>>> print(open('start-v3.cif').read())   # mmCIF, C-alpha atoms
data_structure
#
loop_
_atom_site.group_PDB
_atom_site.id
_atom_site.type_symbol
_atom_site.label_atom_id
_atom_site.label_comp_id
_atom_site.auth_asym_id
_atom_site.auth_seq_id
_atom_site.Cartn_x
_atom_site.Cartn_y
_atom_site.Cartn_z
ATOM 1 C CA MET E 1 121.145 99.355 92.273
ATOM 2 C CA MET E 2 119.206 97.799 95.104
ATOM 3 C CA ARG E 3 117.647 94.495 96.038
ATOM 4 C CA VAL E 4 114.059 94.044 97.090
ATOM 5 C CA ARG E 5 113.232 90.546 98.370
ATOM 6 C CA GLY E 6 116.066 89.093 96.300
ATOM 7 C CA THR E 7 115.194 90.976 93.105
ATOM 8 C CA LEU E 8 117.870 93.273 91.710
ATOM 9 C CA ILE E 9 116.467 96.688 90.744
ATOM 10 C CA GLU E 10 118.635 98.875 88.540
ATOM 11 C CA ASP E 11 118.041 102.569 89.172
ATOM 12 C CA THR E 12 117.925 104.102 85.694
ATOM 13 C CA TYR E 13 115.961 106.907 84.107
ATOM 14 C CA ALA E 14 112.194 106.613 83.961
ATOM 15 C CA GLU E 15 109.606 109.335 84.183
ATOM 16 C CA ALA E 16 106.213 109.004 85.774
ATOM 17 C CA PHE E 17 103.494 111.557 86.308
ATOM 18 C CA ALA E 18 100.572 111.789 88.675
ATOM 19 C CA MET E 19 97.540 111.503 86.422
ATOM 20 C CA ARG E 20 93.825 110.737 86.324
ATOM 21 C CA ALA E 21 92.633 107.611 84.511
ATOM 22 C CA ALA E 22 89.359 106.378 83.049
ATOM 23 C CA ARG E 23 88.448 102.987 81.620
ATOM 24 C CA VAL E 24 85.762 102.856 78.939
ATOM 25 C CA VAL E 25 84.218 99.711 77.434
ATOM 26 C CA VAL E 26 83.188 100.127 73.798
ATOM 27 C CA THR E 27 80.909 97.546 72.205
ATOM 28 C CA ALA E 28 79.732 97.038 68.642
ATOM 29 C CA CYS E 29 77.860 94.530 66.487
ATOM 30 C CA ASP E 30 81.045 92.459 66.183
ATOM 31 C CA GLY E 31 84.693 92.444 67.222
ATOM 32 C CA TRP E 32 85.874 94.038 63.990
ATOM 33 C CA TRP E 33 83.790 97.208 64.554
ATOM 34 C CA ALA E 34 84.678 97.312 68.263
ATOM 35 C CA ARG E 35 88.406 97.182 67.424
ATOM 36 C CA ARG E 36 88.053 99.878 64.724
ATOM 37 C CA ALA E 37 86.282 102.168 67.193
ATOM 38 C CA GLY E 38 88.909 101.525 69.884
ATOM 39 C CA GLU E 39 91.792 102.146 67.502
ATOM 40 C CA SER E 40 90.172 105.349 66.271
ATOM 41 C CA ALA E 41 89.626 106.694 69.798
ATOM 42 C CA THR E 42 93.142 105.881 71.014
ATOM 43 C CA GLY E 43 95.221 106.300 67.848
ATOM 44 C CA TYR E 44 96.727 109.642 68.814
ATOM 45 C CA GLY E 45 97.358 108.838 72.448
ATOM 46 C CA THR E 46 100.809 107.300 72.739
ATOM 47 C CA SER E 47 102.238 110.188 74.768
ATOM 48 C CA ILE E 48 100.900 113.091 76.801
ATOM 49 C CA ILE E 49 103.424 115.302 74.991
ATOM 50 C CA GLY E 50 101.407 117.513 72.657
ATOM 51 C CA CYS E 51 98.311 115.369 73.107
ATOM 52 C CA ASP E 52 95.162 115.601 75.232
ATOM 53 C CA ALA E 53 95.642 112.178 76.831
ATOM 54 C CA GLU E 54 97.649 108.998 76.802
ATOM 55 C CA ALA E 55 95.272 106.328 75.552
ATOM 56 C CA GLY E 56 95.332 102.730 74.452
ATOM 57 C CA VAL E 57 93.316 99.583 73.921
ATOM 58 C CA GLU E 58 93.697 97.599 77.131
ATOM 59 C CA VAL E 59 92.011 94.349 76.100
ATOM 60 C CA GLU E 60 89.375 92.829 73.846
ATOM 61 C CA VAL E 61 86.282 91.906 75.851
ATOM 62 C CA ALA E 62 84.210 88.839 74.981
ATOM 63 C CA ALA E 63 80.574 89.400 74.100
ATOM 64 C CA GLY E 64 79.293 87.698 77.244
ATOM 65 C CA GLU E 65 81.397 89.973 79.477
ATOM 66 C CA THR E 66 80.185 93.381 78.251
ATOM 67 C CA PRO E 67 77.201 95.314 79.636
ATOM 68 C CA ASP E 68 75.138 94.812 76.458
ATOM 69 C CA GLY E 69 76.342 91.283 75.635
ATOM 70 C CA ARG E 70 78.151 92.337 72.445
ATOM 71 C CA ALA E 71 81.826 92.129 71.471
ATOM 72 C CA GLY E 72 83.916 94.966 72.848
ATOM 73 C CA VAL E 73 87.222 96.522 73.782
ATOM 74 C CA ALA E 74 88.316 98.218 76.999
ATOM 75 C CA LEU E 75 90.101 101.536 76.504
ATOM 76 C CA LEU E 76 92.314 103.333 79.018
ATOM 77 C CA PHE E 77 92.707 107.122 79.078
ATOM 78 C CA PHE E 78 95.252 109.047 81.187
ATOM 79 C CA ALA E 79 95.453 112.838 81.528
ATOM 80 C CA ARG E 80 97.322 115.292 83.781
ATOM 81 C CA GLY E 81 94.182 116.312 85.684
ATOM 82 C CA GLN E 82 90.468 115.665 85.995
ATOM 83 C CA LYS E 83 89.452 118.472 83.611
ATOM 84 C CA GLY E 84 91.877 117.257 80.960
ATOM 85 C CA LEU E 85 90.597 113.694 81.341
ATOM 86 C CA ILE E 86 86.975 114.814 81.059
ATOM 87 C CA ASP E 87 87.711 116.806 77.916
ATOM 88 C CA ALA E 88 89.694 113.966 76.307
ATOM 89 C CA VAL E 89 87.119 111.248 77.014
ATOM 90 C CA ARG E 90 84.198 113.422 75.901
ATOM 91 C CA ASN E 91 85.960 114.585 72.732
ATOM 92 C CA ARG E 92 87.170 111.154 71.708
ATOM 93 C CA ALA E 93 83.795 109.559 72.494
ATOM 94 C CA GLY E 94 82.045 112.167 70.367
ATOM 95 C CA GLN E 95 84.525 112.350 67.508
ATOM 96 C CA CYS E 96 85.589 108.701 67.291
ATOM 97 C CA LEU E 97 83.147 106.399 69.078
ATOM 98 C CA MET E 98 79.734 107.931 68.379
ATOM 99 C CA THR E 99 80.677 108.216 64.698
ATOM 100 C CA CYS E 100 81.735 104.569 64.346
ATOM 101 C CA ALA E 101 78.984 102.204 63.208
ATOM 102 C CA THR E 102 76.976 100.253 65.831
ATOM 103 C CA THR E 103 78.984 101.367 68.879
ATOM 104 C CA ALA E 104 77.932 101.807 72.491
ATOM 105 C CA VAL E 105 80.061 103.221 75.335
ATOM 106 C CA PHE E 106 80.045 102.129 78.984
ATOM 107 C CA ASP E 107 82.017 102.987 82.103
ATOM 108 C CA GLY E 108 84.655 100.315 82.632
ATOM 109 C CA LEU E 109 85.494 101.158 86.263
ATOM 110 C CA SER E 110 82.107 100.873 87.924
ATOM 111 C CA GLY E 111 78.509 99.988 87.403
ATOM 112 C CA SER E 112 76.044 97.391 88.549
ATOM 113 C CA GLY E 113 78.486 95.804 91.016
ATOM 114 C CA GLU E 114 80.244 93.957 88.221
ATOM 115 C CA GLU E 115 83.451 92.088 88.893
ATOM 116 C CA GLY E 116 86.423 94.442 88.867
ATOM 117 C CA SER E 117 84.314 97.425 89.911
ATOM 118 C CA VAL E 118 86.264 100.054 91.821
ATOM 119 C CA GLU E 119 83.311 102.305 92.585
ATOM 120 C CA GLY E 120 83.446 103.331 96.219
ATOM 121 C CA SER E 121 86.619 101.355 96.911
ATOM 122 C CA ALA E 122 89.315 103.282 95.072
ATOM 123 C CA GLN E 123 90.914 106.250 96.717
ATOM 124 C CA GLY E 124 90.315 109.349 94.631
ATOM 125 C CA TYR E 125 87.424 107.794 92.692
ATOM 126 C CA GLU E 126 85.269 110.405 90.941
ATOM 127 C CA ARG E 127 82.528 110.311 88.292
ATOM 128 C CA PHE E 128 81.956 112.691 85.399
ATOM 129 C CA ASP E 129 79.262 113.177 82.789
ATOM 130 C CA VAL E 130 79.734 111.856 79.270
ATOM 131 C CA GLY E 131 76.256 110.763 78.184
ATOM 132 C CA GLU E 132 74.347 113.990 78.699
ATOM 133 C CA TYR E 133 77.224 115.950 77.152
ATOM 134 C CA LEU E 134 77.012 113.829 73.974
ATOM 135 C CA SER E 135 73.221 113.683 74.008
ATOM 136 C CA TYR E 136 72.993 117.192 72.574
ATOM 137 C CA PHE E 137 74.032 115.759 69.204
ATOM 138 C CA GLY E 138 70.563 114.161 69.123
ATOM 139 C CA ASP E 139 68.986 117.541 68.273
ATOM 140 C CA GLY E 140 66.082 116.950 70.636
ATOM 141 C CA TYR E 141 65.529 113.304 69.650
ATOM 142 C CA GLN E 142 67.880 111.917 72.325
ATOM 143 C CA ARG E 143 66.501 110.302 75.445
ATOM 144 C CA ALA E 144 67.723 109.271 78.870
ATOM 145 C CA GLU E 145 66.812 105.710 79.844
ATOM 146 C CA ARG E 146 68.094 102.632 81.586
ATOM 147 C CA ALA E 147 69.877 100.269 79.260
ATOM 148 C CA HIS E 148 71.523 97.057 80.371
ATOM 149 C CA GLY E 149 70.997 97.986 84.027
ATOM 150 C CA ARG E 150 72.770 101.332 83.659
ATOM 151 C CA ALA E 151 71.707 104.972 83.405
ATOM 152 C CA CYS E 152 72.363 105.751 79.736
ATOM 153 C CA TRP E 153 71.584 108.181 76.972
ATOM 154 C CA LYS E 154 70.353 107.032 73.560
ATOM 155 C CA VAL E 155 71.341 109.357 70.741
ATOM 156 C CA PRO E 156 70.014 108.842 67.199
ATOM 157 C CA VAL E 157 72.739 108.280 64.608
ATOM 158 C CA MET E 158 72.708 107.172 60.971
ATOM 159 C CA ASP E 159 72.781 103.446 61.787
ATOM 160 C CA GLY E 160 70.265 103.522 64.654
ATOM 161 C CA TRP E 161 71.023 104.496 68.244
ATOM 162 C CA PHE E 162 74.298 105.349 69.925
ATOM 163 C CA VAL E 163 74.044 104.228 73.564
ATOM 164 C CA VAL E 164 76.365 105.952 76.033
ATOM 165 C CA GLU E 165 76.447 105.539 79.796
ATOM 166 C CA GLY E 166 75.588 108.746 81.613
ATOM 167 C CA GLU E 167 78.698 108.911 83.789
ATOM 168 C CA VAL E 168 82.211 107.505 83.626
ATOM 169 C CA GLY E 169 84.472 106.938 86.618
ATOM 170 C CA SER E 170 88.034 108.111 87.061
ATOM 171 C CA VAL E 171 90.783 107.291 89.537
ATOM 172 C CA ALA E 172 94.156 108.624 90.590
ATOM 173 C CA ALA E 173 96.849 106.943 88.497
ATOM 174 C CA VAL E 174 100.457 107.058 87.331
ATOM 175 C CA GLY E 175 101.214 107.503 83.645
ATOM 176 C CA GLY E 176 104.322 107.753 81.540
ATOM 177 C CA GLY E 177 106.332 105.411 83.752
ATOM 178 C CA ASN E 178 108.644 102.674 82.544
ATOM 179 C CA LEU E 179 108.979 99.344 84.259
ATOM 180 C CA LEU E 180 110.953 96.606 82.577
ATOM 181 C CA VAL E 181 110.769 93.139 84.103
ATOM 182 C CA CYS E 182 113.296 90.617 82.790
ATOM 183 C CA GLY E 183 113.627 86.922 83.554
ATOM 184 C CA GLU E 184 115.148 83.724 82.310
ATOM 185 C CA ASP E 185 111.936 81.681 82.287
#
>>> encode(input="start-v3.cif", output="structure tokens")
Amino acid sequence: MMRVRGTLIEDTYAEAFAMRAARVVVTACDGWWARRAGESATGYGTSIIGCDAEAGVEVEVAAGETPDGRAGVALLFFARGQKGLIDAVRNRAGQCLMTCATTAVFDGLSGSGEEGSVEGSAQGYERFDVGEYLSYFGDGYQRAERAHGRACWKVPVMDGWFVVEGEVGSVAAVGGGNLLVCGED
């Protein structure tokens, strides 16, 4: 045990791994569809053990706070390295988000100088392609264009267009750690 500024810290077992992290904002026509998409994309991500990434729904995002002004959820993805993170985000976006009705996908770490942007300020910040990778599912009918002030790809799907930001940011992170904070009030 040790004390840091009067706080007792009990040294028990906890594991933590150096990882890469991405934050993706998924929007849809309403909160119900946004939540379904987020749950689908993160449902198998509770542990890196035997899984491509740790993933979870970070927070619901109000319609006025998303890039396209629709209801959304912010998703967090953590993988052991950049390649693993790229593969996980691309696969889950293609298999779970593009196939969910009315969805759009945006980078949640950077873009358009929005509040909370870490672009250019975070150590280890990198960008990787998601939009062009998924655009091939458009069979030649996809198109690159600016949408909501961002460089995006529009891919035709059964319910209209799937909009996906061209690149997603990633940062150095820690995953798998346990921190338990207890208090009386």
>>> resolve_selection(input="start-v3.cif", expression="the PyMOL selection byres ((chain E and resi 15-28) around 6)", output="PyMOL selection string")
chain E and resi 14+29-30+33-34+70-82+102-109+170-177
>>> atom_distance(input="start-v3.cif", atom1="atom CA of E:Gly166", atom2="atom CA of E:Val130")
5.7 Å
>>> resolve_selection(input="start-v3.cif", expression="the PyMOL selection byres ((chain E and resi 94) around 10)", output="PyMOL selection string")
chain E and resi 41+88-93+95-100+130-131+133-135+137
>>> atom_distance(input="start-v3.cif", atom1="atom CA of E:Gly43", atom2="atom CA of E:Gly124")
27.4 Å
>>> atom_distance(input="start-v3.cif", atom1="atom CA of E:Arg36", atom2="atom CA of E:Gly56")
12.5 Å
>>> closest_residue(input="start-v3.cif", among="E:Asp139, E:Glu167, E:Asp52, E:Glu58", to="E:Val155", atoms="all atoms listed in the file")
E:Asp139
>>> axis_aligned_box(input="start-v3.cif", around="stretch 166-170 of chain E", padding_each_side="5 Å", output="lines of an AutoDock Vina configuration file")
center_x = 81.8
center_y = 107.9
center_z = 84.3
size_x = 22.4
size_y = 12.0
size_z = 15.4
>>> resolve_selection(input="start-v3.cif", expression="the PyMOL selection byres ((chain E and resi 127) around 6)", output="list of chain:residue names")
E:Glu126, E:Phe128, E:Val168, E:Gly169
>>> decode(input="start-v3.cif", residues="stretch 72-176 of chain E", atoms="C-alpha atoms", output="mmCIF file, in the first residue's frame")
data_model
loop_
_atom_site.group_PDB
_atom_site.id
_atom_site.type_symbol
_atom_site.label_atom_id
_atom_site.label_comp_id
_atom_site.auth_asym_id
_atom_site.auth_seq_id
_atom_site.Cartn_x
_atom_site.Cartn_y
_atom_site.Cartn_z
ATOM 1 C CA GLY E 72 -25.604 9.078 -32.320
ATOM 2 C CA VAL E 73 -23.315 7.036 -30.127
ATOM 3 C CA ALA E 74 -19.558 7.263 -29.615
ATOM 4 C CA LEU E 75 -17.740 3.930 -29.782
ATOM 5 C CA LEU E 76 -14.267 3.157 -28.447
ATOM 6 C CA PHE E 77 -12.020 0.485 -29.974
ATOM 7 C CA PHE E 78 -8.734 -0.763 -28.468
ATOM 8 C CA ALA E 79 -6.299 -3.183 -30.125
ATOM 9 C CA ARG E 80 -2.738 -4.384 -29.443
ATOM 10 C CA GLY E 81 -1.273 -2.487 -32.406
ATOM 11 C CA GLN E 82 -2.136 -0.136 -35.241
ATOM 12 C CA LYS E 83 -2.688 -2.914 -37.805
ATOM 13 C CA GLY E 84 -5.008 -4.781 -35.456
ATOM 14 C CA LEU E 85 -6.953 -1.588 -34.748
ATOM 15 C CA ILE E 86 -7.287 -0.801 -38.453
ATOM 16 C CA ASP E 87 -8.552 -4.297 -39.203
ATOM 17 C CA ALA E 88 -11.032 -4.270 -36.300
ATOM 18 C CA VAL E 89 -12.504 -0.843 -37.081
ATOM 19 C CA ARG E 90 -12.774 -1.569 -40.809
ATOM 20 C CA ASN E 91 -14.316 -5.009 -40.271
ATOM 21 C CA ARG E 92 -16.813 -3.886 -37.665
ATOM 22 C CA ALA E 93 -17.755 -0.787 -39.680
ATOM 23 C CA GLY E 94 -18.361 -2.939 -42.744
ATOM 24 C CA GLN E 95 -20.056 -5.884 -41.065
ATOM 25 C CA CYS E 96 -22.055 -4.077 -38.375
ATOM 26 C CA LEU E 97 -22.399 -0.364 -39.111
ATOM 27 C CA MET E 98 -22.796 -0.191 -42.891
ATOM 28 C CA THR E 99 -25.405 -2.961 -42.690
ATOM 29 C CA CYS E 100 -27.513 -1.232 -40.022
ATOM 30 C CA ALA E 101 -30.307 0.970 -41.364
ATOM 31 C CA THR E 102 -29.695 4.733 -41.794
ATOM 32 C CA THR E 103 -26.215 4.822 -40.230
ATOM 33 C CA ALA E 104 -23.278 7.119 -40.893
ATOM 34 C CA VAL E 105 -19.769 6.832 -39.399
ATOM 35 C CA PHE E 106 -17.450 9.686 -38.409
ATOM 36 C CA ASP E 107 -14.063 10.003 -36.740
ATOM 37 C CA GLY E 108 -14.598 10.853 -33.084
ATOM 38 C CA LEU E 109 -11.037 12.007 -32.317
ATOM 39 C CA SER E 110 -10.546 14.749 -34.877
ATOM 40 C CA GLY E 111 -12.188 16.721 -37.600
ATOM 41 C CA SER E 112 -13.217 20.270 -38.292
ATOM 42 C CA GLY E 113 -11.626 21.615 -35.094
ATOM 43 C CA GLU E 114 -14.551 20.398 -33.024
ATOM 44 C CA GLU E 115 -14.406 20.531 -29.258
ATOM 45 C CA GLY E 116 -12.510 17.556 -27.868
ATOM 46 C CA SER E 117 -10.429 17.164 -31.023
ATOM 47 C CA VAL E 118 -7.030 15.610 -30.402
ATOM 48 C CA GLU E 119 -5.754 15.938 -33.957
ATOM 49 C CA GLY E 120 -2.232 17.302 -33.886
ATOM 50 C CA SER E 121 -2.138 17.534 -30.092
ATOM 51 C CA ALA E 122 -1.994 13.920 -28.959
ATOM 52 C CA GLN E 123 1.312 12.150 -28.842
ATOM 53 C CA GLY E 124 1.246 9.157 -31.153
ATOM 54 C CA TYR E 125 -1.767 10.420 -33.117
ATOM 55 C CA GLU E 126 -2.152 8.673 -36.484
ATOM 56 C CA ARG E 127 -4.889 8.481 -39.132
ATOM 57 C CA PHE E 128 -6.000 5.485 -41.168
ATOM 58 C CA ASP E 129 -8.372 4.906 -44.057
ATOM 59 C CA VAL E 130 -11.844 3.521 -43.446
ATOM 60 C CA GLY E 131 -14.032 5.248 -46.035
ATOM 61 C CA GLU E 132 -12.199 4.292 -49.206
ATOM 62 C CA TYR E 133 -11.765 0.741 -47.897
ATOM 63 C CA LEU E 134 -15.550 0.407 -47.435
ATOM 64 C CA SER E 135 -16.372 2.299 -50.619
ATOM 65 C CA TYR E 136 -15.609 -0.763 -52.732
ATOM 66 C CA PHE E 137 -18.909 -2.252 -51.558
ATOM 67 C CA GLY E 138 -20.569 0.389 -53.762
ATOM 68 C CA ASP E 139 -19.682 -1.616 -56.897
ATOM 69 C CA GLY E 140 -18.700 1.510 -58.802
ATOM 70 C CA TYR E 141 -21.643 3.624 -57.601
ATOM 71 C CA GLN E 142 -19.792 5.000 -54.554
ATOM 72 C CA ARG E 143 -18.466 8.533 -54.545
ATOM 73 C CA ALA E 144 -16.041 10.636 -52.549
ATOM 74 C CA GLU E 145 -17.433 13.999 -51.449
ATOM 75 C CA ARG E 146 -17.493 16.460 -48.605
ATOM 76 C CA ALA E 147 -20.324 15.847 -46.199
ATOM 77 C CA HIS E 148 -20.894 17.860 -43.056
ATOM 78 C CA GLY E 149 -17.541 19.611 -43.502
ATOM 79 C CA ARG E 150 -15.607 16.339 -43.677
ATOM 80 C CA ALA E 151 -13.992 14.266 -46.422
ATOM 81 C CA CYS E 152 -16.374 11.309 -46.709
ATOM 82 C CA TRP E 153 -17.396 8.451 -48.931
ATOM 83 C CA LYS E 154 -21.030 7.812 -49.857
ATOM 84 C CA VAL E 155 -21.797 4.163 -50.514
ATOM 85 C CA PRO E 156 -25.201 3.070 -51.851
ATOM 86 C CA VAL E 157 -27.048 0.663 -49.559
ATOM 87 C CA MET E 158 -30.598 -0.697 -49.501
ATOM 88 C CA ASP E 159 -32.010 2.223 -47.494
ATOM 89 C CA GLY E 160 -30.172 5.016 -49.330
ATOM 90 C CA TRP E 161 -26.587 6.098 -48.703
ATOM 91 C CA PHE E 162 -24.095 4.972 -46.094
ATOM 92 C CA VAL E 163 -21.848 7.951 -45.296
ATOM 93 C CA VAL E 164 -18.429 7.150 -43.838
ATOM 94 C CA GLU E 165 -15.618 9.573 -43.084
ATOM 95 C CA GLY E 166 -12.538 8.895 -45.176
ATOM 96 C CA GLU E 167 -10.067 8.592 -42.307
ATOM 97 C CA VAL E 168 -10.274 7.788 -38.611
ATOM 98 C CA GLY E 169 -7.727 8.845 -36.006
ATOM 99 C CA SER E 170 -5.994 6.652 -33.466
ATOM 100 C CA VAL E 171 -3.906 7.348 -30.381
ATOM 101 C CA ALA E 172 -1.632 5.493 -28.006
ATOM 102 C CA ALA E 173 -3.709 4.135 -25.125
ATOM 103 C CA VAL E 174 -3.853 1.691 -22.228
ATOM 104 C CA GLY E 175 -6.414 -1.100 -22.265
ATOM 105 C CA GLY E 176 -7.339 -3.945 -19.983
#
